[in-house]
$ cat protein23.cif   # mmCIF, C-alpha atoms and all ligand atoms
data_structure
loop_
_atom_site.label_atom_id
_atom_site.label_comp_id
_atom_site.auth_asym_id
_atom_site.auth_seq_id
_atom_site.Cartn_x
_atom_site.Cartn_y
_atom_site.Cartn_z
CA MET A 1 50.52 167.36 129.43
CA ASP A 2 46.77 168.22 129.07
CA PHE A 3 45.10 170.35 131.74
CA PRO A 4 43.01 169.92 133.69
CA ARG A 5 43.91 166.30 134.37
CA ARG A 6 40.97 163.91 134.46
CA ALA A 7 40.75 160.83 136.67
CA LEU A 8 38.27 157.99 136.91
CA ILE A 9 37.98 156.17 140.25
CA THR A 10 36.15 152.86 140.67
CA GLY A 11 35.16 152.05 144.26
CA ILE A 12 34.81 155.78 144.89
CA THR A 13 32.32 155.38 147.74
CA GLY A 14 34.78 153.33 149.81
CA GLN A 15 37.26 154.76 152.31
CA ASP A 16 40.12 154.92 149.79
CA GLY A 17 37.94 156.29 146.98
CA LEU A 18 36.83 159.22 149.14
CA TYR A 19 40.35 160.11 150.30
CA LEU A 20 41.74 159.75 146.78
CA ALA A 21 38.96 161.92 145.29
CA GLU A 22 39.74 164.65 147.84
CA LEU A 23 43.46 164.44 147.08
CA LEU A 24 42.98 164.64 143.30
CA LEU A 25 40.48 167.50 143.57
CA SER A 26 43.00 169.40 145.72
CA LYS A 27 45.51 168.96 142.88
CA GLY A 28 43.08 170.44 140.34
CA TYR A 29 41.89 167.19 138.73
CA VAL A 30 38.41 166.69 137.33
CA VAL A 31 37.29 163.54 139.16
CA PHE A 32 34.78 160.99 137.88
CA GLY A 33 33.53 158.19 140.10
CA LEU A 34 32.03 154.91 139.00
CA VAL A 35 28.95 154.01 141.06
CA ARG A 36 27.06 150.76 140.70
CA GLY A 37 23.36 150.23 140.25
CA GLN A 38 20.11 152.09 140.15
CA SER A 39 19.25 154.27 143.17
CA ASN A 40 22.40 153.26 145.04
CA PRO A 41 22.19 155.02 148.46
CA LYS A 42 25.97 155.55 148.36
CA ARG A 43 25.45 157.99 145.49
CA GLU A 44 23.68 160.39 147.89
CA LEU A 45 26.39 159.93 150.48
CA LEU A 46 29.10 160.71 147.95
CA HIS A 47 27.25 163.79 146.76
CA ARG A 48 26.91 165.00 150.36
CA ILE A 49 30.59 164.47 151.23
CA ILE A 50 32.29 165.47 147.96
CA PRO A 51 29.78 167.17 145.63
CA GLU A 52 32.51 168.02 143.08
CA VAL A 53 32.84 164.38 141.99
CA LYS A 54 31.09 163.60 138.73
CA VAL A 55 29.22 160.35 139.20
CA LEU A 56 28.90 157.84 136.35
CA THR A 57 26.91 154.62 136.51
CA GLY A 58 28.57 151.34 135.61
CA ASP A 59 29.52 147.95 136.97
CA LEU A 60 32.87 146.16 137.08
CA THR A 61 31.15 142.96 135.96
CA ASP A 62 29.80 144.64 132.79
CA VAL A 63 32.62 145.55 130.40
CA SER A 64 30.34 147.46 128.02
CA SER A 65 29.33 149.81 130.86
CA LEU A 66 33.03 150.42 131.59
CA ILE A 67 33.79 151.26 127.95
CA ARG A 68 30.90 153.74 127.96
CA VAL A 69 32.06 155.34 131.23
CA LEU A 70 35.64 155.69 129.95
CA SER A 71 34.46 157.37 126.76
CA ILE A 72 32.41 159.89 128.79
CA ALA A 73 35.11 160.62 131.41
CA GLY A 74 38.08 160.67 129.00
CA PRO A 75 40.50 160.05 131.89
CA HIS A 76 44.28 160.45 131.90
CA GLU A 77 44.40 158.26 135.01
CA VAL A 78 42.23 155.30 136.04
CA TYR A 79 42.28 154.14 139.67
CA ASN A 80 40.71 150.70 140.00
CA LEU A 81 39.77 150.50 143.68
CA GLY A 82 36.42 148.75 143.25
CA ALA A 83 36.17 145.30 144.86
CA ILE A 84 34.26 143.18 147.31
CA SER A 85 36.81 143.85 150.00
CA PHE A 86 35.73 142.08 153.19
CA VAL A 87 37.89 138.98 153.51
CA GLY A 88 35.55 137.17 155.94
CA TYR A 89 32.64 137.48 153.50
CA SER A 90 34.62 136.01 150.63
CA TRP A 91 34.28 132.40 151.86
CA GLU A 92 30.49 132.72 151.85
CA ASN A 93 30.44 134.34 148.41
CA ALA A 94 33.51 133.05 146.64
CA ALA A 95 32.02 133.16 143.13
CA LEU A 96 30.68 136.70 143.49
CA THR A 97 33.99 137.82 145.00
CA SER A 98 35.80 136.30 142.01
CA ASP A 99 33.44 137.97 139.53
CA VAL A 100 33.97 141.43 141.01
CA THR A 101 37.40 141.37 142.62
CA ALA A 102 39.18 139.20 140.02
CA LEU A 103 37.31 139.41 136.69
CA GLY A 104 36.36 143.02 137.41
CA VAL A 105 40.06 143.90 137.09
CA LEU A 106 40.30 142.16 133.74
CA ASN A 107 37.17 144.00 132.56
CA MET A 108 38.61 147.35 133.65
CA LEU A 109 42.00 146.64 132.04
CA GLU A 110 40.40 145.53 128.80
CA ALA A 111 38.04 148.51 128.68
CA THR A 112 41.01 150.82 129.33
CA ARG A 113 43.04 149.14 126.57
CA LEU A 114 40.19 149.61 124.10
CA TYR A 115 39.72 153.21 125.23
CA ALA A 116 43.44 153.93 124.71
CA GLY A 117 43.34 152.37 121.23
CA SER A 118 46.62 152.81 119.38
CA ASP A 119 47.83 155.46 121.88
CA MET A 120 48.77 153.54 125.05
CA GLY A 121 50.41 156.70 126.44
CA LYS A 122 46.96 158.29 126.67
CA VAL A 123 46.04 156.71 130.01
CA ARG A 124 47.68 155.38 133.18
CA PHE A 125 46.15 152.61 135.27
CA TYR A 126 46.37 151.90 139.01
CA GLN A 127 45.34 148.52 140.43
CA ALA A 128 44.54 148.16 144.13
CA SER A 129 46.43 144.99 144.99
CA SER A 130 46.52 143.78 148.57
CA SER A 131 48.83 142.32 151.19
CA GLU A 132 46.16 139.65 151.64
CA MET A 133 47.80 138.04 148.56
CA TYR A 134 50.79 137.06 150.75
CA GLY A 135 48.47 134.98 152.96
CA LYS A 136 50.68 132.28 154.46
CA ALA A 137 53.61 134.63 154.25
CA GLN A 138 56.73 133.01 152.80
CA GLU A 139 59.13 135.78 153.84
CA VAL A 140 59.35 138.42 156.60
CA PRO A 141 58.95 141.29 155.86
CA GLN A 142 57.07 141.00 152.57
CA THR A 143 58.39 142.81 149.49
CA GLU A 144 57.29 143.15 145.85
CA ARG A 145 59.18 139.90 145.16
CA THR A 146 57.73 137.73 147.93
CA LEU A 147 55.86 134.65 146.68
CA LEU A 148 52.06 135.01 146.82
CA TRP A 149 50.24 132.35 148.87
CA PRO A 150 46.69 133.63 149.30
CA ARG A 151 44.54 132.09 152.05
CA SER A 152 41.05 133.35 151.19
CA PRO A 153 38.88 133.56 148.06
CA TYR A 154 39.42 137.32 148.32
CA GLY A 155 43.21 136.87 148.37
CA VAL A 156 43.06 134.53 145.37
CA ALA A 157 40.92 137.06 143.47
CA LYS A 158 43.34 139.89 144.28
CA ALA A 159 46.29 137.76 143.11
CA PHE A 160 44.52 137.24 139.77
CA GLY A 161 43.99 140.99 139.39
CA HIS A 162 47.61 141.66 140.34
CA HIS A 163 49.04 139.25 137.78
CA MET A 164 46.59 140.41 135.10
CA THR A 165 47.75 144.01 135.64
CA ILE A 166 51.36 142.93 135.17
CA ASN A 167 50.30 140.96 132.10
CA TYR A 168 48.62 143.98 130.48
CA ARG A 169 51.75 146.02 131.18
CA GLU A 170 53.97 143.39 129.57
CA SER A 171 51.64 142.43 126.71
CA TYR A 172 50.38 145.83 125.58
CA GLY A 173 52.87 148.30 127.02
CA MET A 174 50.15 149.77 129.22
CA HIS A 175 51.25 152.17 131.98
CA ALA A 176 49.66 149.88 134.59
CA SER A 177 50.94 149.92 138.18
CA SER A 178 49.95 147.86 141.16
CA GLY A 179 50.00 149.07 144.76
CA ILE A 180 50.32 146.19 147.20
CA LEU A 181 48.70 147.97 150.10
CA PHE A 182 48.90 146.59 153.60
CA ASN A 183 45.91 147.19 155.92
CA HIS A 184 44.96 150.84 155.99
CA GLU A 185 42.28 152.32 158.17
CA SER A 186 40.55 155.57 159.08
CA PRO A 187 37.36 156.92 160.65
CA ARG A 188 35.78 156.16 157.25
CA ARG A 189 36.52 152.44 157.55
CA GLY A 190 33.46 150.14 157.45
CA PRO A 191 32.45 148.66 160.84
CA GLU A 192 32.93 145.09 159.57
CA PHE A 193 36.73 145.50 159.65
CA VAL A 194 38.44 144.81 162.96
CA THR A 195 39.92 148.27 163.65
CA ARG A 196 36.64 150.12 163.22
CA LYS A 197 34.69 147.36 164.95
CA VAL A 198 36.97 147.85 167.96
CA THR A 199 37.03 151.67 168.00
CA LEU A 200 33.24 151.90 167.59
CA ALA A 201 32.67 149.36 170.38
CA VAL A 202 35.20 151.09 172.68
CA ALA A 203 33.44 154.43 172.19
CA ARG A 204 30.04 152.83 172.83
CA ILE A 205 31.27 150.97 175.91
CA ARG A 206 32.74 154.23 177.27
CA LEU A 207 29.41 156.00 176.67
CA GLY A 208 27.41 153.17 178.28
CA LEU A 209 25.74 152.18 174.99
CA GLN A 210 27.25 148.67 174.74
CA GLU A 211 28.50 146.12 177.27
CA THR A 212 30.78 143.73 175.41
CA LEU A 213 32.67 143.23 172.16
CA ALA A 214 32.87 139.80 170.45
CA LEU A 215 35.96 139.13 168.36
CA GLY A 216 37.64 136.22 166.57
CA ASN A 217 41.40 135.60 166.53
CA LEU A 218 43.13 138.02 168.92
CA ASP A 219 46.64 136.87 167.97
CA ALA A 220 46.56 137.86 164.29
CA ARG A 221 49.09 140.56 163.44
CA ARG A 222 48.77 143.25 160.80
CA ASP A 223 50.78 146.19 159.48
CA TRP A 224 48.20 148.97 159.91
CA GLY A 225 48.57 152.43 158.34
CA PHE A 226 46.35 155.45 157.68
CA ALA A 227 44.27 155.36 154.46
CA GLY A 228 44.82 159.10 153.89
CA ASP A 229 48.58 158.47 153.64
CA TYR A 230 48.15 155.49 151.33
CA VAL A 231 46.12 157.22 148.59
CA ASP A 232 49.02 159.64 148.13
CA ALA A 233 51.19 156.63 147.22
CA MET A 234 48.64 155.60 144.56
CA TRP A 235 48.86 159.00 142.93
CA ARG A 236 52.67 159.02 143.09
CA MET A 237 52.80 155.66 141.27
CA LEU A 238 50.94 157.10 138.28
CA GLN A 239 53.32 160.09 138.08
CA GLN A 240 56.34 157.81 137.49
CA PRO A 241 57.76 157.59 133.97
CA GLU A 242 57.57 153.79 134.13
CA PRO A 243 54.81 151.60 135.59
CA ASP A 244 55.75 149.19 138.39
CA ASP A 245 54.57 147.39 141.54
CA TYR A 246 55.06 148.85 145.01
CA VAL A 247 54.51 147.63 148.57
CA ILE A 248 52.85 150.33 150.68
CA ALA A 249 53.18 149.64 154.40
CA THR A 250 54.46 151.11 157.67
CA GLY A 251 56.96 148.31 158.39
CA LYS A 252 55.48 147.83 161.89
CA SER A 253 53.19 145.04 162.95
CA HIS A 254 50.70 144.87 165.82
CA SER A 255 48.33 142.20 167.12
CA ILE A 256 44.59 142.55 167.72
CA ARG A 257 45.52 142.56 171.44
CA ASP A 258 47.76 145.62 170.84
CA LEU A 259 44.84 147.26 169.03
CA LEU A 260 42.62 146.60 172.06
CA ASP A 261 45.28 147.99 174.43
CA VAL A 262 45.57 151.27 172.53
CA ALA A 263 41.85 151.71 171.81
CA PHE A 264 40.68 151.04 175.38
CA ALA A 265 43.53 153.16 176.80
CA ALA A 266 42.25 156.07 174.68
CA VAL A 267 39.07 156.10 176.82
CA GLY A 268 40.93 155.47 180.09
CA ILE A 269 40.33 151.71 180.39
CA SER A 270 43.52 149.75 181.09
CA ASP A 271 42.06 146.25 181.52
CA TRP A 272 39.80 145.35 178.59
CA SER A 273 39.48 141.65 179.44
CA ARG A 274 36.07 142.06 181.10
CA TYR A 275 34.62 143.69 177.98
CA VAL A 276 35.99 141.40 175.24
CA THR A 277 34.61 137.94 174.46
CA GLN A 278 35.78 135.46 171.85
CA ASP A 279 33.32 134.12 169.29
CA SER A 280 34.46 131.01 167.42
CA THR A 281 32.17 131.84 164.47
CA LEU A 282 34.43 134.84 163.77
CA ILE A 283 37.50 132.63 163.31
CA ARG A 284 38.28 132.32 159.61
CA PRO A 285 38.55 128.93 157.81
CA ALA A 286 42.17 129.79 156.93
CA GLU A 287 43.79 132.69 158.76
CA VAL A 288 46.50 135.09 157.65
CA GLU A 289 48.44 135.04 160.89
CA SER A 290 50.92 137.82 160.40
CA LEU A 291 51.77 140.49 157.82
CA ILE A 292 54.46 143.14 157.78
CA GLY A 293 55.55 145.05 154.72
CA ASP A 294 58.85 146.42 153.48
CA ALA A 295 58.09 149.66 151.61
CA SER A 296 61.74 150.54 150.86
CA LYS A 297 61.09 150.65 147.11
CA ALA A 298 58.22 153.15 147.57
CA HIS A 299 60.40 155.24 149.90
CA ALA A 300 63.26 155.32 147.40
CA THR A 301 61.37 155.67 144.11
CA LEU A 302 58.15 157.46 145.01
CA GLY A 303 59.54 159.54 147.91
CA TRP A 304 56.55 158.22 149.90
CA LYS A 305 56.45 157.60 153.62
CA PRO A 306 53.58 157.19 156.08
CA GLU A 307 52.84 160.17 158.34
CA VAL A 308 50.38 158.68 160.86
CA ASP A 309 51.59 155.97 163.26
CA PHE A 310 49.51 153.15 164.77
CA ARG A 311 48.81 154.87 168.08
CA SER A 312 47.70 158.14 166.45
CA LEU A 313 45.56 156.23 163.95
CA VAL A 314 43.69 154.28 166.62
CA SER A 315 43.25 157.39 168.80
CA MET A 316 41.92 159.34 165.79
CA MET A 317 39.34 156.59 165.15
CA VAL A 318 38.25 156.36 168.80
CA GLU A 319 37.88 160.17 169.00
CA HIS A 320 35.75 160.13 165.86
CA ASP A 321 33.53 157.35 167.19
CA LEU A 322 33.09 159.05 170.58
CA ALA A 323 31.91 162.17 168.75
CA ASN A 324 29.52 160.36 166.42
CA GLN A 325 27.98 158.15 169.15
CA LYS A 326 27.50 160.87 171.78
CA HIS A 327 24.06 161.90 170.54
CA LEU A 328 22.76 158.41 171.37
CA VAL A 329 23.43 158.76 175.09
O1 LIG A 401 40.11 143.97 159.64
P1 LIG A 401 40.12 142.70 158.91
O2 LIG A 401 38.79 142.15 158.50
O3 LIG A 401 41.10 142.91 157.68
P2 LIG A 401 41.87 141.88 156.71
O4 LIG A 401 41.21 140.57 156.67
O5 LIG A 401 43.31 141.89 157.10
O6 LIG A 401 41.69 142.57 155.30
C1 LIG A 401 41.80 143.98 155.10
O7 LIG A 401 43.11 144.32 154.73
C2 LIG A 401 43.54 143.78 153.48
C3 LIG A 401 44.96 144.28 153.23
O8 LIG A 401 45.83 143.31 153.68
C4 LIG A 401 42.61 144.23 152.37
F1 LIG A 401 43.00 143.73 151.19
C5 LIG A 401 41.21 143.78 152.68
O9 LIG A 401 40.29 144.26 151.69
C6 LIG A 401 40.81 144.38 154.02
O10 LIG A 401 40.79 145.77 153.89
O11 LIG A 401 40.82 141.56 159.78
C7 LIG A 401 42.11 141.73 160.32
C8 LIG A 401 42.43 140.59 161.28
C9 LIG A 401 42.18 139.19 160.70
O12 LIG A 401 43.26 138.37 161.04
C10 LIG A 401 40.93 138.71 161.42
O13 LIG A 401 40.85 137.30 161.62
O14 LIG A 401 41.57 140.70 162.41
C11 LIG A 401 41.11 139.42 162.76
N1 LIG A 401 39.87 139.53 163.51
C12 LIG A 401 39.68 139.09 164.79
N2 LIG A 401 38.42 139.32 165.18
C13 LIG A 401 38.72 140.08 163.07
C14 LIG A 401 37.80 139.94 164.11
N3 LIG A 401 38.40 140.66 161.90
C15 LIG A 401 37.14 141.14 161.74
N4 LIG A 401 36.82 141.74 160.59
N5 LIG A 401 36.20 141.01 162.73
C16 LIG A 401 36.48 140.42 163.93
O15 LIG A 401 35.61 140.32 164.82
#

$ encode --input "protein23.cif" --output "structure tokens" --more "lines below"
Ligand code: G4F
Amino acid sequence: MDFPRRALITGITGQDGLYLAELLLSKGYVVFGLVRGQSNPKRELLHRIIPEVKVLTGDLTDVSSLIRVLSIAGPHEVYNLGAISFVGYSWENAALTSDVTALGVLNMLEATRLYAGSDMGKVRFYQASSSEMYGKAQEVPQTERTLLWPRSPYGVAKAFGHHMTINYRESYGMHASSGILFNHESPRRGPEFVTRKVTLAVARIRLGLQETLALGNLDARRDWGFAGDYVDAMWRMLQQPEPDDYVIATGKSHSIRDLLDVAFAAVGISDWSRYVTQDSTLIRPAEVESLIGDASKAHATLGWKPEVDFRSLVSMMVEHDLANQKHLV
């Protein structure tokens, strides 16, 4: 094995990209991150948080830029985390979501295949698949073998990327693995996602900076874990002798109402009903009502298990938001 190991991460400025970069750096990797566009403000942010990452410019929709980036980075491992990842947005921008989240995977796989040339053992590939692919879930809990029934343009795009990854594995013998990650959150989560939207609002309500919180469907259920735990599973997948697909989940499901209970309780509010309103414009055209994953295969093969439970995760996020909003009081 060559040392030091080199990794290329797409989507490095997202929550998962940042945690994964920190994990790989702690293991002695040289980490390259793909960042899109000219004067992207996220480049500065990345440099401030993790200055050790070597930033390369490229775009998932431009295969020639990916080939160039791969030849500069010379990675042993490629983590394809880049995507337009907000499900709600994907109905408004279905074509763009498909270009980036679906065809972007094909571009990255093809660029990696060309980079590997006749030596497929040279590089290992991780694809960020998603539990959103299960959509109208056909089985409870969901496993690697559960039928995919996506309910959003985002879910359809992720299903394309998932199948294409399997196809490259089967067609070209590429060491390409897919992590079917259930919802995973952290203080680094964007405020458009429901967990962070709630914890930020709860902190602001507690501090007197906000009066109410408008939400959509309160009955949806998700299997929520901690992003910091989940990136470890990605790395473990690429250390296996054989590529494969793995569900990464906690095996516990909670509703948005449970999320509200725990988040408001963390600031000493037991009855949140007077703070929360329902906004019909936030209800999705087709909802994924309930997801819960069975990660037995990851437990058995990767030796992976989640460390942070739902209550600790939500409390961690509320604490973080109280601290970062305090200066506004
Ligand atoms: O936090 P969410 O927007 O996450 P969603 O749609 O489950 O997707 C996330 O997890 C996927 C993994 O399964 C990823 F692939 C994907 O990229 C993303 O990270 O919404 C969670 C639930 C939904 O049922 C939604 O309808 O919360 C419900 N919800 C209710 N009110 C809301 C709101 N979601 C958002 N974002 N904002 C609301 O006001």

$ residues_around --input "protein23.cif" --residues "stretch 271-288 of chain A" --least-positions-apart "2" --cutoff "9 Å" --atoms "all atoms listed in the file" --output "list in words"
Gly88, Trp91, Glu132, Tyr134, Gly135, Lys136, Ala137, Pro150, Arg151, Ser152, Ile205, Glu211, Thr212, Leu213, Ala214, Leu215, Gly216, Asn217, Leu218, Ala220, Arg221, Leu260, Asp261, Phe264, Ala265, Ile269, Ser290 and Leu291 of chain A

$ closest_residue --input "protein23.cif" --among "A:Asp62, A:Glu110, A:Glu44, A:Asp16" --to "ligand LIG 401 (chain A)" --atoms "only C-alpha atoms and all ligand atoms"
A:Asp16

$ closest_residue --input "protein23.cif" --among "A:His320, A:Arg169, A:His254, A:Lys297" --to "ligand LIG 401 (chain A)" --atoms "only C-alpha atoms and all ligand atoms"
A:His254

$ residues_around --input "protein23.cif" --residues "A:Glu22" --least-positions-apart "5" --cutoff "9 Å" --atoms "all atoms listed in the file" --output "PyMOL selection string"
chain A and resi 17+27+50

$ residues_around --input "protein23.cif" --residues "A:Val55" --least-positions-apart "2" --cutoff "9 Å" --atoms "only C-alpha atoms" --output "PyMOL selection string"
chain A and resi 31-35+43+46-47+53+57

$ atom_distance --input "protein23.cif" --atom1 "atom CA of A:Ile9" --atom2 "atom CA of A:Glu77"
8.5 Å

$ atom_distance --input "protein23.cif" --atom1 "atom CA of A:Ser65" --atom2 "atom CA of A:Gly117"
17.2 Å

$ closest_residue --input "protein23.cif" --among "A:Gln240, A:Asn167, A:Ser39, A:Ser90" --to "ligand LIG 401 (chain A)" --atoms "all atoms listed in the file"
A:Ser90

$ atom_distance --input "protein23.cif" --atom1 "atom CA of A:Trp149" --atom2 "atom CA of A:Val63"
28.7 Å

$ axis_aligned_box --input "protein23.cif" --around "ligand LIG 401 (chain A)" --padding-each-side "6 Å" --output "AutoDock Vina command-line options"
--center_x 40.7 --center_y 141.5 --center_z 158.2 --size_x 22.2 --size_y 20.5 --size_z 26.0

$ closest_residue --input "protein23.cif" --among "A:Gly179, A:Pro241, A:Gly208, A:Gly121" --to "ligand LIG 401 (chain A)" --atoms "all atoms listed in the file"
A:Gly179

$ residues_around --input "protein23.cif" --residues "A:Leu322" --least-positions-apart "6" --cutoff "9 Å" --atoms "only C-alpha atoms" --output "number ranges by chain"
A: 199-200, 202-204, 206-207

$ decode --input "protein23.cif" --residues "stretch 297-316 of chain A" --atoms "N, CA and C atoms" --output "mmCIF file, in the first residue's frame"
data_model
loop_
_atom_site.group_PDB
_atom_site.id
_atom_site.type_symbol
_atom_site.label_atom_id
_atom_site.label_comp_id
_atom_site.auth_asym_id
_atom_site.auth_seq_id
_atom_site.Cartn_x
_atom_site.Cartn_y
_atom_site.Cartn_z
ATOM 1 N N LYS A 297 -25.955 -5.408 8.236
ATOM 2 C CA LYS A 297 -24.821 -5.780 7.368
ATOM 3 C C LYS A 297 -23.598 -4.914 7.701
ATOM 4 N N ALA A 298 -23.814 -3.620 7.906
ATOM 5 C CA ALA A 298 -22.688 -2.731 8.262
ATOM 6 C C ALA A 298 -22.124 -3.100 9.632
ATOM 7 N N HIS A 299 -23.008 -3.479 10.560
ATOM 8 C CA HIS A 299 -22.520 -3.898 11.891
ATOM 9 C C HIS A 299 -21.617 -5.117 11.736
ATOM 10 N N ALA A 300 -22.113 -6.105 10.968
ATOM 11 C CA ALA A 300 -21.392 -7.383 10.877
ATOM 12 C C ALA A 300 -20.117 -7.280 10.041
ATOM 13 N N THR A 301 -20.194 -6.589 8.899
ATOM 14 C CA THR A 301 -19.052 -6.595 7.971
ATOM 15 C C THR A 301 -18.061 -5.463 8.230
ATOM 16 N N LEU A 302 -18.599 -4.287 8.535
ATOM 17 C CA LEU A 302 -17.713 -3.128 8.706
ATOM 18 C C LEU A 302 -17.318 -2.928 10.170
ATOM 19 N N GLY A 303 -18.012 -3.602 11.091
ATOM 20 C CA GLY A 303 -17.776 -3.373 12.521
ATOM 21 C C GLY A 303 -18.200 -1.964 12.913
ATOM 22 N N TRP A 304 -19.175 -1.411 12.153
ATOM 23 C CA TRP A 304 -19.621 -0.026 12.409
ATOM 24 C C TRP A 304 -20.868 -0.017 13.289
ATOM 25 N N LYS A 305 -20.916 0.931 14.204
ATOM 26 C CA LYS A 305 -22.189 1.184 14.893
ATOM 27 C C LYS A 305 -22.240 2.658 15.290
ATOM 28 N N PRO A 306 -23.464 3.222 15.339
ATOM 29 C CA PRO A 306 -23.568 4.641 15.696
ATOM 30 C C PRO A 306 -23.283 4.861 17.173
ATOM 31 N N GLU A 307 -22.635 5.982 17.489
ATOM 32 C CA GLU A 307 -22.289 6.281 18.887
ATOM 33 C C GLU A 307 -23.272 7.276 19.520
ATOM 34 N N VAL A 308 -23.810 8.191 18.705
ATOM 35 C CA VAL A 308 -24.633 9.287 19.251
ATOM 36 C C VAL A 308 -26.110 8.976 19.023
ATOM 37 N N ASP A 309 -26.912 8.968 20.106
ATOM 38 C CA ASP A 309 -28.341 8.671 19.930
ATOM 39 C C ASP A 309 -29.125 9.962 19.638
ATOM 40 N N PHE A 310 -30.394 9.790 19.321
ATOM 41 C CA PHE A 310 -31.254 10.891 18.876
ATOM 42 C C PHE A 310 -31.282 12.047 19.890
ATOM 43 N N ARG A 311 -31.499 11.702 21.139
ATOM 44 C CA ARG A 311 -31.611 12.732 22.184
ATOM 45 C C ARG A 311 -30.298 13.530 22.307
ATOM 46 N N SER A 312 -29.177 12.832 22.318
ATOM 47 C CA SER A 312 -27.880 13.521 22.437
ATOM 48 C C SER A 312 -27.613 14.376 21.203
ATOM 49 N N LEU A 313 -28.015 13.872 20.044
ATOM 50 C CA LEU A 313 -27.808 14.613 18.796
ATOM 51 C C LEU A 313 -28.575 15.938 18.827
ATOM 52 N N VAL A 314 -29.857 15.851 19.181
ATOM 53 C CA VAL A 314 -30.688 17.073 19.187
ATOM 54 C C VAL A 314 -30.172 18.047 20.248
ATOM 55 N N SER A 315 -29.809 17.530 21.425
ATOM 56 C CA SER A 315 -29.293 18.409 22.488
ATOM 57 C C SER A 315 -27.999 19.089 22.035
ATOM 58 N N MET A 316 -27.128 18.321 21.371
ATOM 59 C CA MET A 316 -25.859 18.884 20.866
ATOM 60 C C MET A 316 -26.146 20.052 19.909
#
